[in-house]
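Asks: What follows is final-v6.cif, made up of mmCIF, N, CA and C atoms:
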```cif
data_model
loop_
_atom_site.label_atom_id
_atom_site.label_comp_id
_atom_site.auth_asym_id
_atom_site.auth_seq_id
_atom_site.Cartn_x
_atom_site.Cartn_y
_atom_site.Cartn_z
N MET A 1 120.12 88.00 75.69
CA MET A 1 120.38 88.17 77.10
C MET A 1 121.68 87.49 77.48
N SER A 2 122.70 88.26 77.59
CA SER A 2 124.00 87.67 77.90
C SER A 2 124.35 87.75 79.38
N ASN A 3 123.69 88.62 80.12
CA ASN A 3 124.01 88.81 81.53
C ASN A 3 123.05 88.01 82.40
N ASP A 4 123.55 87.57 83.57
CA ASP A 4 122.73 86.73 84.42
C ASP A 4 121.83 87.53 85.35
N LEU A 5 122.39 88.18 86.37
CA LEU A 5 121.57 88.83 87.40
C LEU A 5 121.97 90.28 87.58
N LEU A 6 120.94 91.14 87.59
CA LEU A 6 121.11 92.55 87.89
C LEU A 6 120.26 92.87 89.11
N VAL A 7 120.85 93.56 90.09
CA VAL A 7 120.11 94.01 91.27
C VAL A 7 120.03 95.53 91.18
N VAL A 8 118.79 96.04 91.20
CA VAL A 8 118.55 97.46 91.00
C VAL A 8 117.99 98.08 92.27
N GLY A 9 118.62 99.14 92.73
CA GLY A 9 118.09 99.92 93.85
C GLY A 9 117.37 101.13 93.29
N VAL A 10 116.08 101.24 93.60
CA VAL A 10 115.26 102.32 93.07
C VAL A 10 114.90 103.28 94.20
N GLY A 11 115.01 104.57 93.95
CA GLY A 11 114.55 105.52 94.94
C GLY A 11 115.30 106.83 94.91
N ASN A 12 114.80 107.75 95.72
CA ASN A 12 115.36 109.09 95.82
C ASN A 12 116.00 109.24 97.19
N VAL A 13 117.31 109.32 97.24
CA VAL A 13 118.03 109.41 98.52
C VAL A 13 117.79 110.74 99.24
N LEU A 14 117.11 111.67 98.61
CA LEU A 14 116.79 112.95 99.25
C LEU A 14 115.39 112.94 99.88
N ARG A 15 114.73 111.76 99.84
CA ARG A 15 113.37 111.63 100.39
C ARG A 15 113.31 110.58 101.49
N GLY A 16 114.22 110.63 102.43
CA GLY A 16 114.19 109.73 103.58
C GLY A 16 114.21 108.27 103.18
N ASP A 17 113.21 107.51 103.64
CA ASP A 17 113.18 106.07 103.39
C ASP A 17 112.99 105.69 101.93
N ASP A 18 112.57 106.63 101.09
CA ASP A 18 112.46 106.33 99.66
C ASP A 18 113.83 105.98 99.08
N GLY A 19 114.90 106.40 99.76
CA GLY A 19 116.26 106.10 99.31
C GLY A 19 116.80 104.77 99.80
N VAL A 20 115.95 103.93 100.41
CA VAL A 20 116.43 102.66 100.97
C VAL A 20 116.98 101.74 99.88
N GLY A 21 116.38 101.72 98.69
CA GLY A 21 116.87 100.85 97.60
C GLY A 21 118.30 101.21 97.19
N PRO A 22 118.56 102.47 96.84
CA PRO A 22 119.93 102.85 96.51
C PRO A 22 120.92 102.64 97.65
N LYS A 23 120.51 102.90 98.88
CA LYS A 23 121.42 102.73 100.02
C LYS A 23 121.73 101.24 100.24
N LEU A 24 120.76 100.37 100.03
CA LEU A 24 121.01 98.94 100.15
C LEU A 24 121.96 98.46 99.06
N VAL A 25 121.74 98.91 97.84
CA VAL A 25 122.61 98.51 96.72
C VAL A 25 124.03 98.98 96.97
N ALA A 26 124.19 100.20 97.47
CA ALA A 26 125.55 100.70 97.76
C ALA A 26 126.25 99.80 98.77
N GLU A 27 125.51 99.32 99.76
CA GLU A 27 126.13 98.44 100.77
C GLU A 27 126.33 97.03 100.23
N LEU A 28 125.39 96.52 99.46
CA LEU A 28 125.49 95.15 98.95
C LEU A 28 126.64 94.98 97.96
N LYS A 29 127.00 96.04 97.26
CA LYS A 29 128.13 95.97 96.31
C LYS A 29 129.39 95.45 96.97
N PHE A 30 129.58 95.82 98.24
CA PHE A 30 130.78 95.41 98.95
C PHE A 30 130.68 94.00 99.50
N LYS A 31 129.47 93.48 99.64
CA LYS A 31 129.26 92.14 100.19
C LYS A 31 129.27 91.06 99.12
N ASN A 32 128.85 91.41 97.90
CA ASN A 32 128.75 90.42 96.83
C ASN A 32 129.12 91.09 95.51
N SER A 33 130.37 91.06 95.18
CA SER A 33 130.84 91.74 93.97
C SER A 33 130.64 90.91 92.71
N THR A 34 130.09 89.69 92.84
CA THR A 34 129.86 88.86 91.66
C THR A 34 128.54 89.20 90.97
N VAL A 35 127.75 90.06 91.59
CA VAL A 35 126.46 90.46 91.05
C VAL A 35 126.60 91.87 90.48
N GLU A 36 125.88 92.16 89.40
CA GLU A 36 125.87 93.52 88.87
C GLU A 36 124.81 94.33 89.59
N TYR A 37 125.14 95.59 89.89
CA TYR A 37 124.23 96.46 90.61
C TYR A 37 124.02 97.75 89.83
N LEU A 38 122.84 98.34 90.05
CA LEU A 38 122.49 99.60 89.39
C LEU A 38 121.60 100.39 90.33
N ILE A 39 121.76 101.70 90.34
CA ILE A 39 120.89 102.59 91.12
C ILE A 39 120.17 103.50 90.14
N VAL A 40 118.84 103.59 90.29
CA VAL A 40 118.03 104.47 89.45
C VAL A 40 117.01 105.21 90.31
N THR A 41 116.59 106.35 89.82
CA THR A 41 115.52 107.09 90.51
C THR A 41 114.19 106.93 89.79
N ASP A 42 114.24 106.41 88.57
CA ASP A 42 113.05 106.32 87.73
C ASP A 42 112.88 104.90 87.20
N LEU A 43 111.78 104.25 87.54
CA LEU A 43 111.55 102.88 87.09
C LEU A 43 111.42 102.78 85.57
N PHE A 44 110.91 103.84 84.93
CA PHE A 44 110.76 103.80 83.47
C PHE A 44 112.11 103.62 82.78
N SER A 45 113.17 104.09 83.40
CA SER A 45 114.51 103.97 82.81
C SER A 45 114.95 102.51 82.68
N LEU A 46 114.27 101.60 83.35
CA LEU A 46 114.65 100.18 83.30
C LEU A 46 114.14 99.46 82.05
N ILE A 47 113.27 100.07 81.30
CA ILE A 47 112.68 99.41 80.12
C ILE A 47 113.76 98.93 79.15
N ASP A 48 114.79 99.70 78.92
CA ASP A 48 115.86 99.30 78.00
C ASP A 48 116.92 98.43 78.66
N ILE A 49 116.96 98.42 79.98
CA ILE A 49 118.00 97.69 80.71
C ILE A 49 117.58 96.27 81.04
N VAL A 50 116.35 96.08 81.49
CA VAL A 50 115.86 94.76 81.93
C VAL A 50 116.05 93.67 80.87
N PRO A 51 115.76 93.92 79.59
CA PRO A 51 115.91 92.83 78.60
C PRO A 51 117.34 92.32 78.41
N GLN A 52 118.33 93.04 78.92
CA GLN A 52 119.72 92.63 78.78
C GLN A 52 120.12 91.56 79.80
N TYR A 53 119.21 91.23 80.73
CA TYR A 53 119.52 90.30 81.81
C TYR A 53 118.52 89.15 81.84
N ARG A 54 119.01 88.01 82.29
CA ARG A 54 118.15 86.85 82.45
C ARG A 54 117.25 87.03 83.67
N ARG A 55 117.82 87.63 84.74
CA ARG A 55 117.07 87.86 85.97
C ARG A 55 117.37 89.26 86.51
N VAL A 56 116.33 89.91 87.04
CA VAL A 56 116.49 91.23 87.64
C VAL A 56 115.73 91.24 88.97
N MET A 57 116.41 91.76 89.98
CA MET A 57 115.78 91.98 91.28
C MET A 57 115.76 93.48 91.53
N ILE A 58 114.57 93.99 91.82
CA ILE A 58 114.41 95.42 92.09
C ILE A 58 114.20 95.60 93.58
N ILE A 59 115.03 96.44 94.20
CA ILE A 59 114.89 96.76 95.62
C ILE A 59 114.29 98.15 95.70
N ASP A 60 113.13 98.24 96.38
CA ASP A 60 112.41 99.50 96.38
C ASP A 60 111.67 99.71 97.69
N ALA A 61 111.48 100.95 98.04
CA ALA A 61 110.64 101.32 99.17
C ALA A 61 109.18 101.12 98.76
N VAL A 62 108.39 100.51 99.64
CA VAL A 62 106.98 100.27 99.34
C VAL A 62 106.12 100.61 100.54
N ARG A 63 104.83 100.74 100.25
CA ARG A 63 103.82 100.89 101.30
C ARG A 63 103.00 99.62 101.28
N MET A 64 103.14 98.80 102.33
CA MET A 64 102.41 97.53 102.35
C MET A 64 101.74 97.30 103.70
N GLN A 65 101.50 98.37 104.42
CA GLN A 65 100.80 98.31 105.71
C GLN A 65 101.46 97.31 106.66
N ALA A 66 102.77 97.42 106.79
CA ALA A 66 103.55 96.58 107.69
C ALA A 66 104.41 97.50 108.56
N LEU A 67 105.12 96.91 109.49
CA LEU A 67 106.03 97.70 110.32
C LEU A 67 107.16 98.25 109.46
N PRO A 68 107.57 99.50 109.67
CA PRO A 68 108.69 100.05 108.90
C PRO A 68 109.92 99.14 109.00
N GLY A 69 110.52 98.90 107.85
CA GLY A 69 111.69 98.02 107.79
C GLY A 69 111.36 96.59 107.44
N THR A 70 110.08 96.26 107.35
CA THR A 70 109.68 94.92 106.94
C THR A 70 110.14 94.68 105.52
N VAL A 71 110.73 93.52 105.26
CA VAL A 71 111.25 93.17 103.94
C VAL A 71 110.40 92.04 103.38
N LYS A 72 109.98 92.18 102.13
CA LYS A 72 109.15 91.16 101.51
C LYS A 72 109.56 90.97 100.06
N LEU A 73 109.63 89.72 99.63
CA LEU A 73 109.93 89.39 98.24
C LEU A 73 108.62 89.22 97.49
N PHE A 74 108.46 89.98 96.40
CA PHE A 74 107.25 89.95 95.59
C PHE A 74 107.55 89.34 94.22
N SER A 75 106.62 88.56 93.72
CA SER A 75 106.65 88.19 92.31
C SER A 75 106.03 89.36 91.55
N PRO A 76 106.20 89.41 90.24
CA PRO A 76 105.55 90.49 89.48
C PRO A 76 104.03 90.50 89.68
N GLN A 77 103.42 89.33 89.73
CA GLN A 77 101.97 89.25 89.92
C GLN A 77 101.57 89.81 91.29
N ASP A 78 102.34 89.47 92.33
CA ASP A 78 102.07 90.00 93.67
C ASP A 78 102.18 91.52 93.67
N ALA A 79 103.18 92.04 92.99
CA ALA A 79 103.39 93.49 92.96
C ALA A 79 102.22 94.19 92.28
N ILE A 80 101.69 93.61 91.22
CA ILE A 80 100.53 94.20 90.54
C ILE A 80 99.32 94.20 91.47
N LEU A 81 99.09 93.09 92.16
CA LEU A 81 97.97 93.01 93.10
C LEU A 81 98.11 94.02 94.23
N GLN A 82 99.31 94.17 94.75
CA GLN A 82 99.57 95.11 95.83
C GLN A 82 99.45 96.56 95.38
N ALA A 83 99.63 96.80 94.10
CA ALA A 83 99.62 98.17 93.58
C ALA A 83 98.29 98.85 93.80
N ASN A 84 97.23 98.08 93.91
CA ASN A 84 95.93 98.68 94.17
C ASN A 84 95.90 99.41 95.50
N SER A 85 96.80 99.04 96.41
CA SER A 85 96.88 99.72 97.70
C SER A 85 98.06 100.70 97.73
N ARG A 86 98.51 101.14 96.55
CA ARG A 86 99.60 102.11 96.43
C ARG A 86 100.90 101.61 97.02
N THR A 87 101.33 100.44 96.59
CA THR A 87 102.57 99.84 97.07
C THR A 87 103.77 100.71 96.74
N SER A 88 103.86 101.19 95.53
CA SER A 88 105.03 101.94 95.10
C SER A 88 105.00 103.38 95.60
N THR A 89 106.17 103.94 95.81
CA THR A 89 106.28 105.35 96.20
C THR A 89 106.60 106.23 94.99
N HIS A 90 106.52 105.68 93.77
CA HIS A 90 106.89 106.41 92.56
C HIS A 90 105.67 106.68 91.69
N GLY A 91 105.74 107.75 90.87
CA GLY A 91 104.67 108.05 89.95
C GLY A 91 104.49 106.94 88.93
N PHE A 92 105.57 106.54 88.28
CA PHE A 92 105.57 105.38 87.37
C PHE A 92 106.02 104.22 88.24
N GLY A 93 105.06 103.46 88.73
CA GLY A 93 105.34 102.46 89.74
C GLY A 93 105.71 101.09 89.21
N LEU A 94 105.87 100.18 90.13
CA LEU A 94 106.24 98.81 89.80
C LEU A 94 105.19 98.15 88.92
N ALA A 95 103.92 98.37 89.24
CA ALA A 95 102.86 97.74 88.44
C ALA A 95 102.93 98.20 86.99
N GLU A 96 103.15 99.49 86.79
CA GLU A 96 103.25 100.01 85.43
C GLU A 96 104.45 99.43 84.70
N LEU A 97 105.58 99.32 85.40
CA LEU A 97 106.77 98.72 84.80
C LEU A 97 106.51 97.28 84.39
N ILE A 98 105.93 96.52 85.29
CA ILE A 98 105.66 95.10 85.04
C ILE A 98 104.70 94.93 83.87
N LYS A 99 103.65 95.73 83.83
CA LYS A 99 102.68 95.63 82.73
C LYS A 99 103.33 96.01 81.40
N LEU A 100 104.17 97.02 81.41
CA LEU A 100 104.84 97.44 80.17
C LEU A 100 105.82 96.37 79.70
N LEU A 101 106.58 95.77 80.62
CA LEU A 101 107.50 94.68 80.25
C LEU A 101 106.72 93.51 79.65
N ALA A 102 105.57 93.17 80.23
CA ALA A 102 104.74 92.08 79.71
C ALA A 102 104.21 92.43 78.32
N ALA A 103 103.75 93.67 78.14
CA ALA A 103 103.23 94.09 76.83
C ALA A 103 104.31 94.04 75.76
N LEU A 104 105.54 94.26 76.15
CA LEU A 104 106.66 94.22 75.21
C LEU A 104 107.24 92.81 75.07
N ALA A 105 106.61 91.84 75.74
CA ALA A 105 107.01 90.42 75.70
C ALA A 105 108.47 90.23 76.13
N ILE A 106 108.87 90.95 77.17
CA ILE A 106 110.22 90.81 77.71
C ILE A 106 110.19 89.67 78.72
N ALA A 107 111.05 88.67 78.50
CA ALA A 107 110.98 87.42 79.26
C ALA A 107 111.89 87.37 80.49
N THR A 108 112.49 88.45 80.87
CA THR A 108 113.37 88.48 82.03
C THR A 108 112.61 88.04 83.28
N ASP A 109 113.24 87.19 84.09
CA ASP A 109 112.66 86.78 85.37
C ASP A 109 112.83 87.95 86.34
N LEU A 110 111.72 88.49 86.78
CA LEU A 110 111.73 89.70 87.60
C LEU A 110 111.22 89.38 89.01
N LYS A 111 111.94 89.89 90.01
CA LYS A 111 111.52 89.79 91.41
C LYS A 111 111.66 91.18 92.02
N ILE A 112 110.81 91.46 93.00
CA ILE A 112 110.85 92.74 93.67
C ILE A 112 111.06 92.51 95.15
N ILE A 113 112.05 93.20 95.73
CA ILE A 113 112.26 93.18 97.17
C ILE A 113 111.74 94.52 97.67
N GLY A 114 110.65 94.47 98.42
CA GLY A 114 110.05 95.68 98.96
C GLY A 114 110.43 95.87 100.41
N ILE A 115 110.74 97.12 100.77
CA ILE A 115 111.03 97.47 102.15
C ILE A 115 110.00 98.51 102.57
N GLN A 116 109.24 98.18 103.62
CA GLN A 116 108.22 99.10 104.12
C GLN A 116 108.86 100.39 104.61
N VAL A 117 108.35 101.52 104.11
CA VAL A 117 108.85 102.83 104.50
C VAL A 117 108.29 103.25 105.85
N GLY A 118 109.02 104.13 106.50
CA GLY A 118 108.52 104.77 107.71
C GLY A 118 108.22 106.23 107.42
N ASP A 119 109.14 106.89 106.72
CA ASP A 119 109.03 108.33 106.48
C ASP A 119 109.68 108.65 105.14
N ILE A 120 108.95 109.34 104.27
CA ILE A 120 109.53 109.74 102.98
C ILE A 120 109.54 111.26 102.82
N GLU A 121 109.66 111.93 103.93
CA GLU A 121 109.80 113.39 103.90
C GLU A 121 111.20 113.74 103.38
N PHE A 122 111.37 115.00 103.02
CA PHE A 122 112.67 115.44 102.52
C PHE A 122 113.74 115.28 103.58
N GLY A 123 114.89 114.76 103.16
CA GLY A 123 116.02 114.56 104.05
C GLY A 123 116.80 113.34 103.58
N GLN A 124 118.10 113.33 103.85
CA GLN A 124 118.95 112.26 103.36
C GLN A 124 119.03 111.07 104.31
N GLU A 125 118.60 111.24 105.54
CA GLU A 125 118.68 110.16 106.52
C GLU A 125 117.46 109.24 106.42
N LEU A 126 117.70 107.96 106.66
CA LEU A 126 116.60 107.03 106.79
C LEU A 126 115.89 107.31 108.11
N SER A 127 114.62 106.91 108.20
CA SER A 127 113.87 107.10 109.44
C SER A 127 114.53 106.32 110.57
N GLN A 128 114.21 106.69 111.79
CA GLN A 128 114.77 106.01 112.94
C GLN A 128 114.40 104.53 112.91
N SER A 129 113.18 104.22 112.47
CA SER A 129 112.73 102.82 112.40
C SER A 129 113.64 102.00 111.50
N LEU A 130 113.98 102.53 110.31
CA LEU A 130 114.85 101.79 109.40
C LEU A 130 116.28 101.76 109.90
N GLN A 131 116.74 102.86 110.49
CA GLN A 131 118.10 102.88 111.04
C GLN A 131 118.27 101.82 112.13
N GLU A 132 117.27 101.68 112.98
CA GLU A 132 117.35 100.70 114.07
C GLU A 132 117.36 99.27 113.55
N ARG A 133 116.75 99.04 112.40
CA ARG A 133 116.66 97.68 111.83
C ARG A 133 117.62 97.48 110.66
N TRP A 134 118.54 98.43 110.44
CA TRP A 134 119.37 98.43 109.23
C TRP A 134 120.12 97.12 109.02
N GLU A 135 120.83 96.64 110.02
CA GLU A 135 121.63 95.41 109.85
C GLU A 135 120.72 94.23 109.50
N GLU A 136 119.58 94.16 110.15
CA GLU A 136 118.60 93.10 109.85
C GLU A 136 118.10 93.20 108.42
N ILE A 137 117.80 94.41 107.97
CA ILE A 137 117.33 94.64 106.60
C ILE A 137 118.41 94.22 105.60
N VAL A 138 119.65 94.67 105.83
CA VAL A 138 120.76 94.33 104.93
C VAL A 138 120.94 92.82 104.86
N THR A 139 120.90 92.15 105.99
CA THR A 139 121.07 90.69 106.03
C THR A 139 119.96 89.99 105.26
N GLN A 140 118.72 90.40 105.48
CA GLN A 140 117.59 89.77 104.77
C GLN A 140 117.70 89.97 103.26
N VAL A 141 118.00 91.17 102.84
CA VAL A 141 118.10 91.46 101.41
C VAL A 141 119.29 90.72 100.80
N ALA A 142 120.42 90.69 101.49
CA ALA A 142 121.61 89.98 100.99
C ALA A 142 121.29 88.49 100.81
N ARG A 143 120.55 87.92 101.74
CA ARG A 143 120.16 86.50 101.61
C ARG A 143 119.26 86.30 100.40
N MET A 144 118.33 87.22 100.19
CA MET A 144 117.44 87.09 99.03
C MET A 144 118.23 87.18 97.72
N VAL A 145 119.18 88.11 97.66
CA VAL A 145 119.99 88.25 96.45
C VAL A 145 120.86 87.01 96.27
N SER A 146 121.50 86.52 97.32
CA SER A 146 122.35 85.33 97.23
C SER A 146 121.53 84.11 96.85
N GLY A 147 120.35 83.97 97.43
CA GLY A 147 119.47 82.85 97.10
C GLY A 147 119.07 82.87 95.65
N GLU A 148 118.79 84.07 95.14
CA GLU A 148 118.41 84.22 93.74
C GLU A 148 119.60 83.85 92.85
N LYS A 149 120.79 84.23 93.27
CA LYS A 149 121.99 83.94 92.49
C LYS A 149 122.20 82.44 92.35
N LEU A 150 121.82 81.67 93.37
CA LEU A 150 122.03 80.22 93.37
C LEU A 150 120.99 79.47 92.56
N GLN A 151 119.85 80.08 92.28
CA GLN A 151 118.78 79.37 91.56
C GLN A 151 119.09 79.20 90.10
#
```
Could you express the structure from this file as structure tokens?
Replies:
Amino acid sequence: MSNDLLVVGVGNVLRGDDGVGPKLVAELKFKNSTVEYLIVTDLFSLIDIVPQYRRVMIIDAVRMQALPGTVKLFSPQDAILQANSRTSTHGFGLAELIKLLAALAIATDLKIIGIQVGDIEFGQELSQSLQERWEEIVTQVARMVSGEKLQ
């Protein structure tokens, strides 16, 4: 593991709020260029990438029964527990990724930043709820990434 921190935006930008992870990463690149960023649509694709980093933060749209735009930092264990309530919006979800990484004995420190979705219907725009809270969401996520960088 030669690299320190990777921030990954996961989601489909053609499915409304499901694209919040990639859209956040695109914006964060300009705010903190000392961090490596990656955008993916498939969590399974991270299996070969995660072991190359000491720490990985995944930014993803989630369902956590909160107000749309709510931002929450999850540990891998929290994400697995939340998965029982369908936290992830993906077929191969966060819980599956975390369990597979553990089974492969990958020691990367993993954190998940979840953003509560409002609407994941087809369309490139974020829901009105997320658009109205966009600056707040960006600020919260940027602080989480910066805080992680300092640890």
Asks: Quick check, in Å to one decimal: how far apart do atom CA of A:Ile120 and atom CA of A:Val50 lie?
Replies: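 Between atom CA of A:Ile120 and atom CA of A:Val50 the gap works out to 26.6 Å.
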Asks: Mind dumping a table of every stretch 27-146 of chain A residue within 7 Å of stretch 4-13 of chain A, with the nearest atom pair and its distance in Å to one decimal, using only C-alpha atoms, sorted by chain and rising number, as a tab-separated table?
Replies:
```
residue	atom	partner	partner_atom	distance
A:Val35	CA	A:Leu5	CA	6.3
A:Glu36	CA	A:Leu6	CA	5.0
A:Tyr37	CA	A:Val7	CA	4.8
A:Leu38	CA	A:Val8	CA	4.8
A:Ile39	CA	A:Gly9	CA	4.7
A:Val40	CA	A:Val10	CA	5.0
A:Thr41	CA	A:Gly11	CA	4.8
A:Tyr53	CA	A:Asp4	CA	5.5
A:Arg54	CA	A:Asp4	CA	5.0
A:Arg55	CA	A:Leu5	CA	4.8
A:Val56	CA	A:Leu6	CA	4.8
A:Met57	CA	A:Val7	CA	4.8
A:Ile58	CA	A:Val8	CA	4.7
A:Ile59	CA	A:Gly9	CA	4.8
A:Asp60	CA	A:Val10	CA	5.2
A:Gln124	CA	A:Val13	CA	5.7
```
Asks: Please compute the atom N of A:Ala26-atom CA of A:Leu126 distance, one decimal, in Å.
Replies: 13.8 Å
Asks: Take the PyMOL selection byres ((chain A and resi 118) around 6), apply it to the structure above, and return the hits as an NGL selection string.
Replies: :A and (17 or 68-69 or 116-117 or 119-120)
Asks: As an MDAnalysis selection string, list the residues of stretch 1-148 of chain A assigned to helix (DSSP H, G or I) by DSSP on the backbone atoms of this structure.
Replies: chainID A and resid 16:31 43:46 50:52 76:83 94:103 128:132 134:148
Asks: Hey, what comes out of the PyMOL selection byres (((chain A and resi 76 and name CA) around 12) and name CA) on this file? Could you write it as a PyMOL selection string?
Replies: chain A and resi 56-58+73-75+77-83+93-102+107-114
Asks: Can you measure atom CA of A:Pro22 to atom C of A:Trp134 for me? One decimal in Å is fine.
Replies: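 Separation between atom CA of A:Pro22 and atom C of A:Trp134: 13.8 Å.
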Asks: For a cutoff of 12 Å around the file-coordinate point (117.8, 92.8, 106.6), which residues qualify once you count only C-alpha atoms? I'd like the result as an NGL selection string.
Replies: :A and (20 or 24 or 27-28 or 68-73 or 113-116 or 130-145)
Asks: Apply DSSP to the structure's backbone, then extract all residues of chain A labelled strand (DSSP E or B) and return them as number ranges by chain.
Replies: A: 3-10, 15, 36-40, 53-62, 71-74, 88, 109-116, 123
Asks: For the structure shown, which residues end up in the PyMOL selection byres ((chain A and resi 65) around 8)? Put them as a ChimeraX atom specification, please?
Replies: /A:62-64,66-68,85,87,116-117
